[in-house]
>>> print(open('query_0.pdb').read())   # PDB, C-alpha atoms
ATOM      1  CA  MET Z   1     159.437 190.291  81.772
ATOM      2  CA  LYS Z   2     162.655 189.656  83.691
ATOM      3  CA  THR Z   3     166.052 191.024  82.763
ATOM      4  CA  THR Z   4     169.563 190.660  84.084
ATOM      5  CA  MET Z   5     171.409 193.574  85.597
ATOM      6  CA  HIS Z   6     175.180 193.529  85.999
ATOM      7  CA  ILE Z   7     176.560 195.832  88.666
ATOM      8  CA  LYS Z   8     179.939 196.137  90.315
ATOM      9  CA  VAL Z   9     179.884 195.612  94.061
ATOM     10  CA  ASP Z  10     182.736 195.188  96.514
ATOM     11  CA  LYS Z  11     183.206 191.490  97.256
ATOM     12  CA  ASP Z  12     182.932 192.105 101.000
ATOM     13  CA  ILE Z  13     179.619 193.964 100.596
ATOM     14  CA  LYS Z  14     178.186 191.215  98.407
ATOM     15  CA  GLU Z  15     179.182 188.474 100.855
ATOM     16  CA  LYS Z  16     177.887 190.292 103.938
ATOM     17  CA  SER Z  17     174.600 191.297 102.314
ATOM     18  CA  ALA Z  18     174.060 187.792 100.920
ATOM     19  CA  LYS Z  19     174.609 186.351 104.402
ATOM     20  CA  ILE Z  20     172.095 188.766 105.976
ATOM     21  CA  ALA Z  21     169.574 188.048 103.220
ATOM     22  CA  HIS Z  22     170.039 184.298 103.766
ATOM     23  CA  ASN Z  23     169.536 184.723 107.528
ATOM     24  CA  LEU Z  24     166.248 186.482 106.739
ATOM     25  CA  GLY Z  25     165.228 183.683 104.380
ATOM     26  CA  LEU Z  26     165.642 185.850 101.275
ATOM     27  CA  SER Z  27     167.793 185.782  98.182
ATOM     28  CA  LEU Z  28     170.037 188.721  97.444
ATOM     29  CA  SER Z  29     168.082 189.177  94.213
ATOM     30  CA  THR Z  30     164.866 189.586  96.229
ATOM     31  CA  VAL Z  31     166.512 192.214  98.440
ATOM     32  CA  VAL Z  32     167.794 194.170  95.432
ATOM     33  CA  ASN Z  33     164.405 193.973  93.666
ATOM     34  CA  ALA Z  34     162.588 195.165  96.796
ATOM     35  CA  SER Z  35     165.047 198.027  97.185
ATOM     36  CA  LEU Z  36     164.601 199.083  93.561
ATOM     37  CA  ARG Z  37     160.800 198.874  93.823
ATOM     38  CA  ASN Z  38     160.895 201.066  96.915
ATOM     39  CA  PHE Z  39     163.241 203.499  95.135
ATOM     40  CA  ILE Z  40     160.761 203.775  92.241
ATOM     41  CA  LYS Z  41     157.740 204.101  94.525
ATOM     42  CA  THR Z  42     159.170 206.761  96.850
ATOM     43  CA  GLU Z  43     161.703 208.409  94.549
ATOM     44  CA  THR Z  44     163.951 208.598  97.586
ATOM     45  CA  PHE Z  45     166.986 206.759  98.849
ATOM     46  CA  SER Z  46     167.692 206.241 102.524
ATOM     47  CA  VAL Z  47     170.088 204.186 104.557
ATOM     48  CA  SER Z  48     169.407 202.987 108.065
ATOM     49  CA  THR Z  49     171.356 200.942 110.525
ATOM     50  CA  ALA Z  50     169.303 199.369 113.239
ATOM     51  CA  GLU Z  51     171.098 199.788 116.517
ATOM     52  CA  LYS Z  52     171.661 196.686 118.581
ATOM     53  CA  MET Z  53     171.264 196.669 122.324
ATOM     54  CA  THR Z  54     174.428 196.582 124.372
ATOM     55  CA  PRO Z  55     174.984 193.618 126.687
ATOM     56  CA  TYR Z  56     174.374 195.998 129.614
ATOM     57  CA  MET Z  57     170.990 197.048 128.208
ATOM     58  CA  GLU Z  58     170.025 193.416 127.573
ATOM     59  CA  SER Z  59     170.866 192.454 131.172
ATOM     60  CA  TRP Z  60     169.038 195.505 132.520
ATOM     61  CA  LEU Z  61     165.898 194.625 130.560
ATOM     62  CA  ALA Z  62     166.135 190.993 131.702
ATOM     63  CA  GLU Z  63     166.244 192.225 135.313
ATOM     64  CA  ILE Z  64     163.197 194.423 134.720
ATOM     65  CA  GLU Z  65     161.305 191.493 133.164
ATOM     66  CA  GLU Z  66     162.133 189.346 136.205
ATOM     67  CA  ASP Z  67     160.862 192.090 138.522
ATOM     68  CA  ILE Z  68     157.624 192.339 136.540
ATOM     69  CA  LYS Z  69     157.059 188.566 136.727
ATOM     70  CA  ALA Z  70     157.739 188.609 140.479
ATOM     71  CA  GLY Z  71     155.657 191.734 141.086
ATOM     72  CA  LYS Z  72     158.760 193.373 142.549
ATOM     73  CA  ASN Z  73     159.506 197.109 142.266
ATOM     74  CA  MET Z  74     156.063 197.725 140.825
ATOM     75  CA  SER Z  75     153.523 200.340 141.783
ATOM     76  CA  LYS Z  76     149.797 200.407 141.283
ATOM     77  CA  PRO Z  77     148.242 202.646 138.658
ATOM     78  CA  TYR Z  78     147.210 206.102 139.847
ATOM     79  CA  ASP Z  79     144.205 208.105 138.749
ATOM     80  CA  SER Z  80     145.877 211.469 139.271
ATOM     81  CA  ALA Z  81     149.192 213.132 139.962
ATOM     82  CA  GLU Z  82     147.931 214.118 143.400
ATOM     83  CA  GLU Z  83     147.274 210.470 144.269
ATOM     84  CA  LEU Z  84     150.810 209.570 143.157
ATOM     85  CA  ILE Z  85     152.351 212.383 145.219
ATOM     86  CA  LYS Z  86     150.394 211.284 148.326
ATOM     87  CA  SER Z  87     151.689 207.736 147.815
ATOM     88  CA  LEU Z  88     155.283 208.937 147.543
ATOM     89  CA  ALA Z  89     154.980 211.034 150.699
ATOM     90  CA  LYS Z  90     154.146 207.954 152.799
TER
END
>>> encode(input="query_0.pdb", output="structure tokens")
Amino acid sequence: MKTTMHIKVDKDIKEKSAKIAHNLGLSLSTVVNASLRNFIKTETFSVSTAEKMTPYMESWLAEIEEDIKAGKNMSKPYDSAEELIKSLAK
């Protein structure tokens, strides 16, 4: 059985969360229901903000990916630390 729940939420929070939900292909109602189900299941409440990469980090990773594709700045796998140390001493 479904029921309606009326809650007070800051307008800004509602708009931003509805936009994020839409971008994920979800309704805000689905997000709230999932959050409440999780709250019931775990009897805990947690908040997390996923950190976004900085433009510098994105460019650094792009450079690394290019190096990998080109086989540049890569070393072979080593079977032991001694083998690695010998390779570095050359």
>>> resolve_selection(input="query_0.pdb", expression="the PyMOL selection byres ((chain Z and resi 18-33) around 12)", output="list of chain:residue names")
Z:Lys2, Z:Thr3, Z:Thr4, Z:Met5, Z:His6, Z:Ile7, Z:Val9, Z:Lys11, Z:Asp12, Z:Ile13, Z:Lys14, Z:Glu15, Z:Lys16, Z:Ser17, Z:Ala34, Z:Ser35, Z:Leu36, Z:Arg37, Z:Asn38, Z:Phe39, Z:Ile40
>>> axis_aligned_box(input="query_0.pdb", around="stretch 39-53 of chain Z", padding_each_side="6 Å", output="JSON")
{"center_x": 164.7, "center_y": 202.6, "center_z": 107.3, "size_x": 25.9, "size_y": 23.9, "size_z": 42.1}
>>> atom_distance(input="query_0.pdb", atom1="atom CA of Z:Leu88", atom2="atom CA of Z:Met74")
13.1 Å
>>> atom_distance(input="query_0.pdb", atom1="atom CA of Z:Pro77", atom2="atom CA of Z:Glu58")
26.1 Å
>>> residues_around(input="query_0.pdb", residues="Z:Ile64", least_positions_apart="5", cutoff="9 Å", atoms="only C-alpha atoms", output="VMD selection string")
chain Z and resid 59 69 73
>>> atom_distance(input="query_0.pdb", atom1="atom CA of Z:Asp10", atom2="atom CA of Z:Ser48")
19.3 Å
>>> decode(input="query_0.pdb", residues="stretch 43-86 of chain Z", atoms="C-alpha atoms", output="compact mmCIF listing (two decimals), in the first residue's frame")
# COMPACT_ATOMS: atom_id res chain seq x y z
CA GLU Z 43 19.25 1.46 11.14
CA THR Z 44 21.98 3.95 10.34
CA PHE Z 45 22.20 7.28 8.59
CA SER Z 46 25.26 8.40 6.68
CA VAL Z 47 26.11 11.19 4.32
CA SER Z 48 28.78 10.99 1.67
CA THR Z 49 30.04 13.38 -0.93
CA ALA Z 50 31.88 11.79 -3.77
CA GLU Z 51 34.95 13.84 -4.53
CA LYS Z 52 35.45 14.94 -8.10
CA MET Z 53 38.83 14.91 -9.75
CA THR Z 54 40.51 18.25 -10.25
CA PRO Z 55 41.29 19.35 -13.80
CA TYR Z 56 44.98 18.77 -12.99
CA MET Z 57 44.30 15.17 -11.94
CA GLU Z 58 42.20 14.56 -15.06
CA SER Z 59 45.00 15.84 -17.32
CA TRP Z 60 47.60 13.83 -15.42
CA LEU Z 61 45.58 10.63 -15.83
CA ALA Z 62 45.03 11.38 -19.53
CA GLU Z 63 48.81 11.70 -19.93
CA ILE Z 64 49.35 8.38 -18.15
CA GLU Z 65 46.75 6.69 -20.38
CA GLU Z 66 48.53 8.04 -23.47
CA ASP Z 67 51.86 6.70 -22.18
CA ILE Z 68 50.31 3.28 -21.58
CA LYS Z 69 48.87 3.16 -25.11
CA ALA Z 70 52.24 4.19 -26.56
CA GLY Z 71 54.22 1.84 -24.32
CA LYS Z 72 56.12 4.87 -23.03
CA ASN Z 73 57.45 5.17 -19.46
CA MET Z 74 56.55 1.55 -18.79
CA SER Z 75 58.65 -1.16 -17.22
CA LYS Z 76 58.37 -4.90 -17.47
CA PRO Z 77 57.04 -6.94 -14.58
CA TYR Z 78 59.64 -8.23 -12.14
CA ASP Z 79 59.64 -11.54 -10.31
CA SER Z 80 61.49 -10.21 -7.28
CA ALA Z 81 62.70 -7.05 -5.61
CA GLU Z 82 66.28 -8.07 -6.36
CA GLU Z 83 65.51 -8.23 -10.09
CA LEU Z 84 63.98 -4.74 -9.92
CA ILE Z 85 66.99 -3.33 -8.06
CA LYS Z 86 69.39 -4.84 -10.63
